[in-house]
$ cat upload04.txt   # compact mmCIF, C-alpha atoms
# COMPACT_ATOMS: atom_id res chain seq x y z
CA MET V 1 -33.79 1.33 -5.83
CA ARG V 2 -34.80 1.54 -2.22
CA PRO V 3 -32.27 2.99 0.26
CA ILE V 4 -32.10 -0.22 2.33
CA THR V 5 -31.37 -2.31 -0.78
CA LEU V 6 -28.62 0.07 -1.81
CA LEU V 7 -27.19 -0.04 1.71
CA LEU V 8 -27.10 -3.86 1.63
CA ILE V 9 -25.38 -3.86 -1.76
CA LEU V 10 -22.77 -1.36 -0.61
CA ALA V 11 -22.17 -3.23 2.66
CA GLY V 12 -21.01 -6.24 0.65
CA GLN V 13 -18.42 -4.19 -1.25
CA PRO V 14 -14.81 -3.83 -0.05
CA ALA V 15 -13.76 -0.59 1.60
CA LEU V 16 -12.07 1.49 -1.07
CA ALA V 17 -10.60 4.17 1.19
CA TRP V 18 -6.97 4.53 2.15
CA GLU V 19 -6.80 3.97 5.91
CA PHE V 20 -4.15 4.88 8.47
CA THR V 21 -4.02 2.94 11.73
CA PRO V 22 -1.64 4.19 14.45
CA GLY V 23 0.22 1.72 16.65
CA LEU V 24 3.26 -0.49 16.67
CA PRO V 25 3.53 -0.86 13.80
CA CYS V 26 1.66 2.00 12.16
CA ARG V 27 -0.34 0.76 9.17
CA LEU V 28 -1.53 2.24 5.89
CA THR V 29 -3.94 0.04 3.93
CA HIS V 30 -6.00 0.07 0.77
CA ASP V 31 -8.22 -2.59 -0.80
CA THR V 32 -9.43 -2.34 -4.40
CA GLY V 33 -11.45 -5.53 -4.21
CA ALA V 34 -9.00 -7.18 -6.63
CA ALA V 35 -5.83 -6.52 -4.61
CA GLN V 36 -4.68 -5.05 -1.31
CA VAL V 37 -1.69 -2.95 -0.37
CA GLU V 38 -0.43 -2.60 3.20
CA LEU V 39 2.44 -0.49 4.43
CA THR V 40 3.79 -0.80 7.95
CA PHE V 41 6.27 1.30 9.88
CA ASP V 42 7.86 0.34 13.17
CA PRO V 43 9.55 3.51 14.44
CA THR V 44 11.42 1.55 17.14
CA GLN V 45 13.53 -0.20 14.45
CA PRO V 46 13.01 1.97 12.21
CA LEU V 47 11.67 -0.43 9.55
CA TYR V 48 9.14 -0.08 6.73
CA THR V 49 7.35 -2.78 4.76
CA ILE V 50 5.02 -2.74 1.79
CA THR V 51 2.99 -5.83 0.94
CA ILE V 52 0.89 -6.30 -2.18
CA ARG V 53 -1.67 -9.13 -2.03
CA ARG V 54 -4.09 -10.64 -4.50
CA PRO V 55 -5.87 -13.99 -4.77
CA ALA V 56 -3.85 -15.24 -7.77
CA ALA V 57 -0.16 -16.07 -7.52
CA LEU V 58 2.29 -13.38 -8.53
CA PRO V 59 5.12 -14.27 -10.91
CA ASP V 60 8.59 -14.97 -9.52
CA ALA V 61 10.59 -12.22 -11.23
CA PRO V 62 14.01 -10.76 -10.39
CA VAL V 63 12.79 -7.13 -10.13
CA PHE V 64 9.76 -5.51 -8.50
CA SER V 65 8.85 -1.94 -9.48
CA MET V 66 6.32 0.66 -8.48
CA ARG V 67 5.30 3.26 -11.02
CA PHE V 68 3.60 6.41 -9.76
CA GLU V 69 1.68 8.53 -12.25
CA GLY V 70 0.59 12.09 -11.60
CA ALA V 71 2.09 15.44 -10.68
CA ALA V 72 5.19 13.88 -9.07
CA GLY V 73 5.51 10.77 -11.22
CA LEU V 74 8.40 8.38 -10.68
CA THR V 75 9.31 4.71 -10.95
CA ILE V 76 11.27 2.86 -8.27
CA SER V 77 12.62 -0.70 -8.45
CA THR V 78 14.20 -3.29 -6.19
CA ASN V 79 15.44 -6.84 -6.29
CA ARG V 80 14.93 -7.15 -2.50
CA HIS V 81 11.35 -8.42 -2.60
CA VAL V 82 10.01 -11.68 -1.16
CA LEU V 83 7.00 -13.73 -2.25
CA SER V 84 4.91 -15.51 0.41
CA ASP V 85 1.47 -17.07 0.98
CA GLY V 86 1.74 -19.30 -2.08
CA ALA V 87 3.16 -16.35 -4.09
CA SER V 88 -0.05 -14.34 -3.58
CA ALA V 89 1.80 -11.75 -1.45
CA LEU V 90 4.89 -9.72 -2.29
CA THR V 91 6.75 -7.81 0.44
CA VAL V 92 9.60 -5.31 0.39
CA THR V 93 11.31 -4.27 3.64
CA ASP V 94 13.63 -1.28 4.04
CA THR V 95 14.76 1.36 6.51
CA GLY V 96 13.58 4.22 4.29
CA PHE V 97 10.45 4.65 2.19
CA GLY V 98 10.60 8.34 1.25
CA ASN V 99 10.13 7.72 -2.49
CA VAL V 100 7.26 5.29 -1.87
CA LEU V 101 5.48 7.74 0.43
CA ASP V 102 6.06 10.64 -1.98
CA GLY V 103 4.66 8.52 -4.79
CA LEU V 104 1.56 7.59 -2.81
CA GLN V 105 0.92 11.08 -1.45
CA PHE V 106 1.49 13.23 -4.54
CA ASN V 107 0.19 11.20 -7.51
CA ARG V 108 -3.01 9.81 -9.05
CA THR V 109 -2.13 6.10 -9.36
CA ALA V 110 0.43 3.59 -8.15
CA THR V 111 1.15 0.52 -10.26
CA ALA V 112 2.98 -2.47 -8.82
CA VAL V 113 4.93 -4.29 -11.56
CA ILE V 114 6.31 -7.81 -11.12
CA GLY V 115 7.31 -9.67 -14.25
CA ASP V 116 4.59 -9.08 -16.82
CA GLU V 117 1.92 -8.46 -14.15
CA GLU V 118 0.69 -4.97 -13.22
CA ILE V 119 -1.58 -4.10 -10.30
CA THR V 120 -2.85 -0.52 -10.23
CA PHE V 121 -4.07 1.24 -7.09
CA PRO V 122 -5.94 4.55 -7.36
CA LEU V 123 -4.55 7.17 -4.99
CA ASP V 124 -7.78 9.15 -4.53
CA GLY V 125 -8.05 9.99 -0.84
CA ALA V 126 -4.50 8.82 -0.01
CA THR V 127 -3.00 12.25 0.79
CA ASP V 128 -4.14 12.64 4.41
CA PRO V 129 -3.67 8.96 5.43
CA VAL V 130 -0.14 8.99 3.95
CA ALA V 131 0.65 12.23 5.83
CA ALA V 132 -0.55 10.59 9.06
CA PHE V 133 1.54 7.50 8.30
CA ARG V 134 4.63 9.69 7.75
CA ALA V 135 4.06 11.25 11.19
CA CYS V 136 4.01 7.84 12.93
CA ARG V 137 6.02 8.08 16.16
CA VAL V 138 6.44 6.09 19.36
CA ASP V 139 5.10 7.88 22.40
CA PRO V 140 7.48 7.60 25.35
CA SER V 141 6.32 5.33 28.17
CA VAL V 142 5.23 6.90 31.42

$ encode --input "upload04.txt" --output "structure tokens"
Amino acid sequence: MRPITLLLILAGQPALAWEFTPGLPCRLTHDTGAAQVELTFDPTQPLYTITIRRPAALPDAPVFSMRFEGAAGLTISTNRHVLSDGASALTVTDTGFGNVLDGLQFNRTATAVIGDEEITFPLDGATDPVAAFRACRVDPSV
């Protein structure tokens, strides 16, 4: 395959890297092509969110869980999630996300579980972006 053809094929593929974007709010994003995860942190509140999105509607279930598999495996659950965008997005908001960040930074996979649906995100390359997200701060105005 010629290099230009390969480049054109790859350009049409979603970015598979974990990305940190500083700002208000700070953002941590990942797109698998089948689903996206976005975390935000507004240090002025302080308030964290995690949103899982996919094209198909997610089930309306009483509990949302995230299962992290790897060296520091754990499962966390909440009933404080909200569906939006025609049930294709699920968001959890809280003032602390230590377990979520630990799960993302120190494991191999994260699996979002809602009802009988599971969405798995590989955590390859997440360590440094998660560390940058943890360090999100507001710079004082001049």

$ residues_around --input "upload04.txt" --residues "segment 65-79 of chain V" --least-positions-apart "2" --cutoff "7 Å" --atoms "only C-alpha atoms" --output "list in words"
Pro62, Val63, His81, Gly103, Phe106, Asn107, Arg108, Thr109, Ala110, Thr111, Ala112, Val113 and Ile114 of chain V

$ atom_distance --input "upload04.txt" --atom1 "atom CA of His30 of chain V" --atom2 "atom CA of Ala132 of chain V"
14.5 Å

$ closest_residue --input "upload04.txt" --among "V:Ala34, V:Leu47, V:Val130, V:Cys26" --to "Thr93 of chain V" --atoms "all atoms listed in the file"
V:Leu47

$ atom_distance --input "upload04.txt" --atom1 "atom CA of Leu39 of chain V" --atom2 "atom CA of Thr51 of chain V"
6.4 Å

$ residues_around --input "upload04.txt" --residues "segment 55-59 of chain V" --least-positions-apart "3" --cutoff "8 Å" --atoms "all atoms listed in the file" --output "PDB file with C-alpha atoms, keeping the file's coordinate frame"
ATOM      1  CA  ALA V  34      -9.000  -7.180  -6.630  1.00  0.00           C
ATOM      2  CA  ALA V  35      -5.830  -6.520  -4.610  1.00  0.00           C
ATOM      3  CA  LEU V  83       7.000 -13.730  -2.250  1.00  0.00           C
ATOM      4  CA  GLY V  86       1.740 -19.300  -2.080  1.00  0.00           C
ATOM      5  CA  ALA V  87       3.160 -16.350  -4.090  1.00  0.00           C
ATOM      6  CA  SER V  88      -0.050 -14.340  -3.580  1.00  0.00           C
ATOM      7  CA  ALA V  89       1.800 -11.750  -1.450  1.00  0.00           C
ATOM      8  CA  LEU V  90       4.890  -9.720  -2.290  1.00  0.00           C
ATOM      9  CA  ILE V 114       6.310  -7.810 -11.120  1.00  0.00           C
ATOM     10  CA  GLY V 115       7.310  -9.670 -14.250  1.00  0.00           C
ATOM     11  CA  ASP V 116       4.590  -9.080 -16.820  1.00  0.00           C
ATOM     12  CA  GLU V 117       1.920  -8.460 -14.150  1.00  0.00           C
TER      13      GLU V 117
END

$ atom_distance --input "upload04.txt" --atom1 "atom CA of Phe97 of chain V" --atom2 "atom CA of Glu19 of chain V"
17.7 Å

$ closest_residue --input "upload04.txt" --among "V:Ala135, V:Leu104, V:Pro25, V:Phe64" --to "Pro122 of chain V" --atoms "all atoms listed in the file"
V:Leu104

$ closest_residue --input "upload04.txt" --among "V:Thr127, V:Asp94, V:Val138, V:Asp85" --to "Leu28 of chain V" --atoms "only C-alpha atoms"
V:Thr127

$ closest_residue --input "upload04.txt" --among "V:Ala61, V:Gln105, V:Arg53, V:Ala126" --to "Ser84 of chain V" --atoms "only C-alpha atoms"
V:Arg53

$ closest_residue --input "upload04.txt" --among "V:Ala17, V:Glu38, V:Thr44, V:Leu101" --to "Arg137 of chain V" --atoms "all atoms listed in the file"
V:Thr44

$ closest_residue --input "upload04.txt" --among "V:Asp102, V:Asp42, V:Asp60, V:Asp124" --to "Leu24 of chain V" --atoms "all atoms listed in the file"
V:Asp42

$ decode --input "upload04.txt" --residues "segment 69-95 of chain V" --atoms "N, CA, C and O atoms" --output "CSV table (one decimal), in the first residue's frame"
chain,number,residue,atom,x,y,z
V,69,GLU,N,-10.2,-2.7,35.2
V,69,GLU,CA,-9.5,-4.0,35.3
V,69,GLU,C,-8.0,-3.7,35.0
V,69,GLU,O,-7.7,-3.0,34.1
V,70,GLY,N,-7.2,-4.3,35.9
V,70,GLY,CA,-5.7,-4.1,35.8
V,70,GLY,C,-5.1,-4.2,37.2
V,70,GLY,O,-5.7,-4.8,38.1
V,71,ALA,N,-4.0,-3.6,37.3
V,71,ALA,CA,-3.2,-3.6,38.6
V,71,ALA,C,-3.9,-3.1,39.8
V,71,ALA,O,-3.7,-3.5,40.9
V,72,ALA,N,-4.8,-2.1,39.6
V,72,ALA,CA,-5.5,-1.5,40.7
V,72,ALA,C,-7.0,-1.6,40.4
V,72,ALA,O,-7.8,-0.6,40.6
V,73,GLY,N,-7.5,-2.8,40.1
V,73,GLY,CA,-8.8,-3.0,39.7
V,73,GLY,C,-9.8,-2.6,40.8
V,73,GLY,O,-9.5,-2.8,42.0
V,74,LEU,N,-11.0,-2.1,40.4
V,74,LEU,CA,-12.1,-1.7,41.3
V,74,LEU,C,-13.3,-1.5,40.5
V,74,LEU,O,-13.3,-1.4,39.3
V,75,THR,N,-14.4,-1.6,41.2
V,75,THR,CA,-15.7,-1.3,40.6
V,75,THR,C,-16.4,-0.2,41.4
V,75,THR,O,-16.4,-0.3,42.7
V,76,ILE,N,-16.9,0.8,40.8
V,76,ILE,CA,-17.6,1.9,41.5
V,76,ILE,C,-19.0,2.0,40.9
V,76,ILE,O,-19.2,1.8,39.7
V,77,SER,N,-20.0,2.4,41.7
V,77,SER,CA,-21.4,2.5,41.2
V,77,SER,C,-22.1,3.7,41.8
V,77,SER,O,-21.7,4.2,42.9
V,78,THR,N,-23.1,4.2,41.1
V,78,THR,CA,-23.9,5.3,41.5
V,78,THR,C,-25.3,5.2,41.0
V,78,THR,O,-25.5,4.6,40.0
V,79,ASN,N,-26.2,5.8,41.7
V,79,ASN,CA,-27.6,6.0,41.2
V,79,ASN,C,-27.8,7.4,40.8
V,79,ASN,O,-28.9,7.8,40.5
V,80,ARG,N,-26.8,8.2,40.8
V,80,ARG,CA,-26.9,9.7,40.5
V,80,ARG,C,-26.4,10.0,39.1
V,80,ARG,O,-25.7,11.0,38.9
V,81,HIS,N,-26.9,9.2,38.1
V,81,HIS,CA,-26.5,9.5,36.7
V,81,HIS,C,-27.8,10.0,36.0
V,81,HIS,O,-28.9,9.8,36.5
V,82,VAL,N,-27.5,10.7,34.9
V,82,VAL,CA,-28.6,11.3,34.1
V,82,VAL,C,-28.4,11.0,32.7
V,82,VAL,O,-27.3,11.1,32.1
V,83,LEU,N,-29.4,10.5,32.0
V,83,LEU,CA,-29.4,10.3,30.5
V,83,LEU,C,-29.8,11.6,29.8
V,83,LEU,O,-30.7,12.3,30.3
V,84,SER,N,-29.2,11.8,28.7
V,84,SER,CA,-29.6,13.0,27.9
V,84,SER,C,-29.3,12.7,26.4
V,84,SER,O,-28.9,11.6,26.0
V,85,ASP,N,-29.6,13.7,25.5
V,85,ASP,CA,-29.4,13.5,24.1
V,85,ASP,C,-30.1,12.2,23.6
V,85,ASP,O,-29.5,11.4,22.9
V,86,GLY,N,-31.4,12.1,23.9
V,86,GLY,CA,-32.2,10.9,23.4
V,86,GLY,C,-31.6,9.7,24.0
V,86,GLY,O,-31.7,8.6,23.4
V,87,ALA,N,-31.1,9.7,25.2
V,87,ALA,CA,-30.5,8.6,26.0
V,87,ALA,C,-29.2,8.1,25.4
V,87,ALA,O,-28.7,7.0,25.8
V,88,SER,N,-28.6,8.8,24.5
V,88,SER,CA,-27.3,8.4,23.9
V,88,SER,C,-26.1,8.9,24.7
V,88,SER,O,-25.0,8.6,24.4
V,89,ALA,N,-26.4,9.7,25.8
V,89,ALA,CA,-25.3,10.2,26.7
V,89,ALA,C,-25.7,10.0,28.1
V,89,ALA,O,-26.9,10.2,28.5
V,90,LEU,N,-24.8,9.6,28.9
V,90,LEU,CA,-25.0,9.3,30.3
V,90,LEU,C,-23.9,10.2,31.1
V,90,LEU,O,-22.8,10.1,30.7
V,91,THR,N,-24.4,11.0,32.0
V,91,THR,CA,-23.5,11.9,32.8
V,91,THR,C,-23.6,11.6,34.3
V,91,THR,O,-24.7,11.5,34.8
V,92,VAL,N,-22.5,11.7,35.0
V,92,VAL,CA,-22.4,11.7,36.4
V,92,VAL,C,-21.7,12.9,36.8
V,92,VAL,O,-20.6,13.2,36.3
V,93,THR,N,-22.2,13.6,37.8
V,93,THR,CA,-21.6,14.8,38.4
V,93,THR,C,-21.3,14.6,39.8
V,93,THR,O,-22.1,14.1,40.5
V,94,ASP,N,-20.1,15.0,40.3
V,94,ASP,CA,-19.8,14.9,41.7
V,94,ASP,C,-18.7,15.9,42.1
V,94,ASP,O,-18.0,16.4,41.2
V,95,THR,N,-18.4,16.1,43.3
V,95,THR,CA,-17.4,17.0,43.8
V,95,THR,C,-16.1,16.3,44.0
V,95,THR,O,-15.0,16.9,44.2
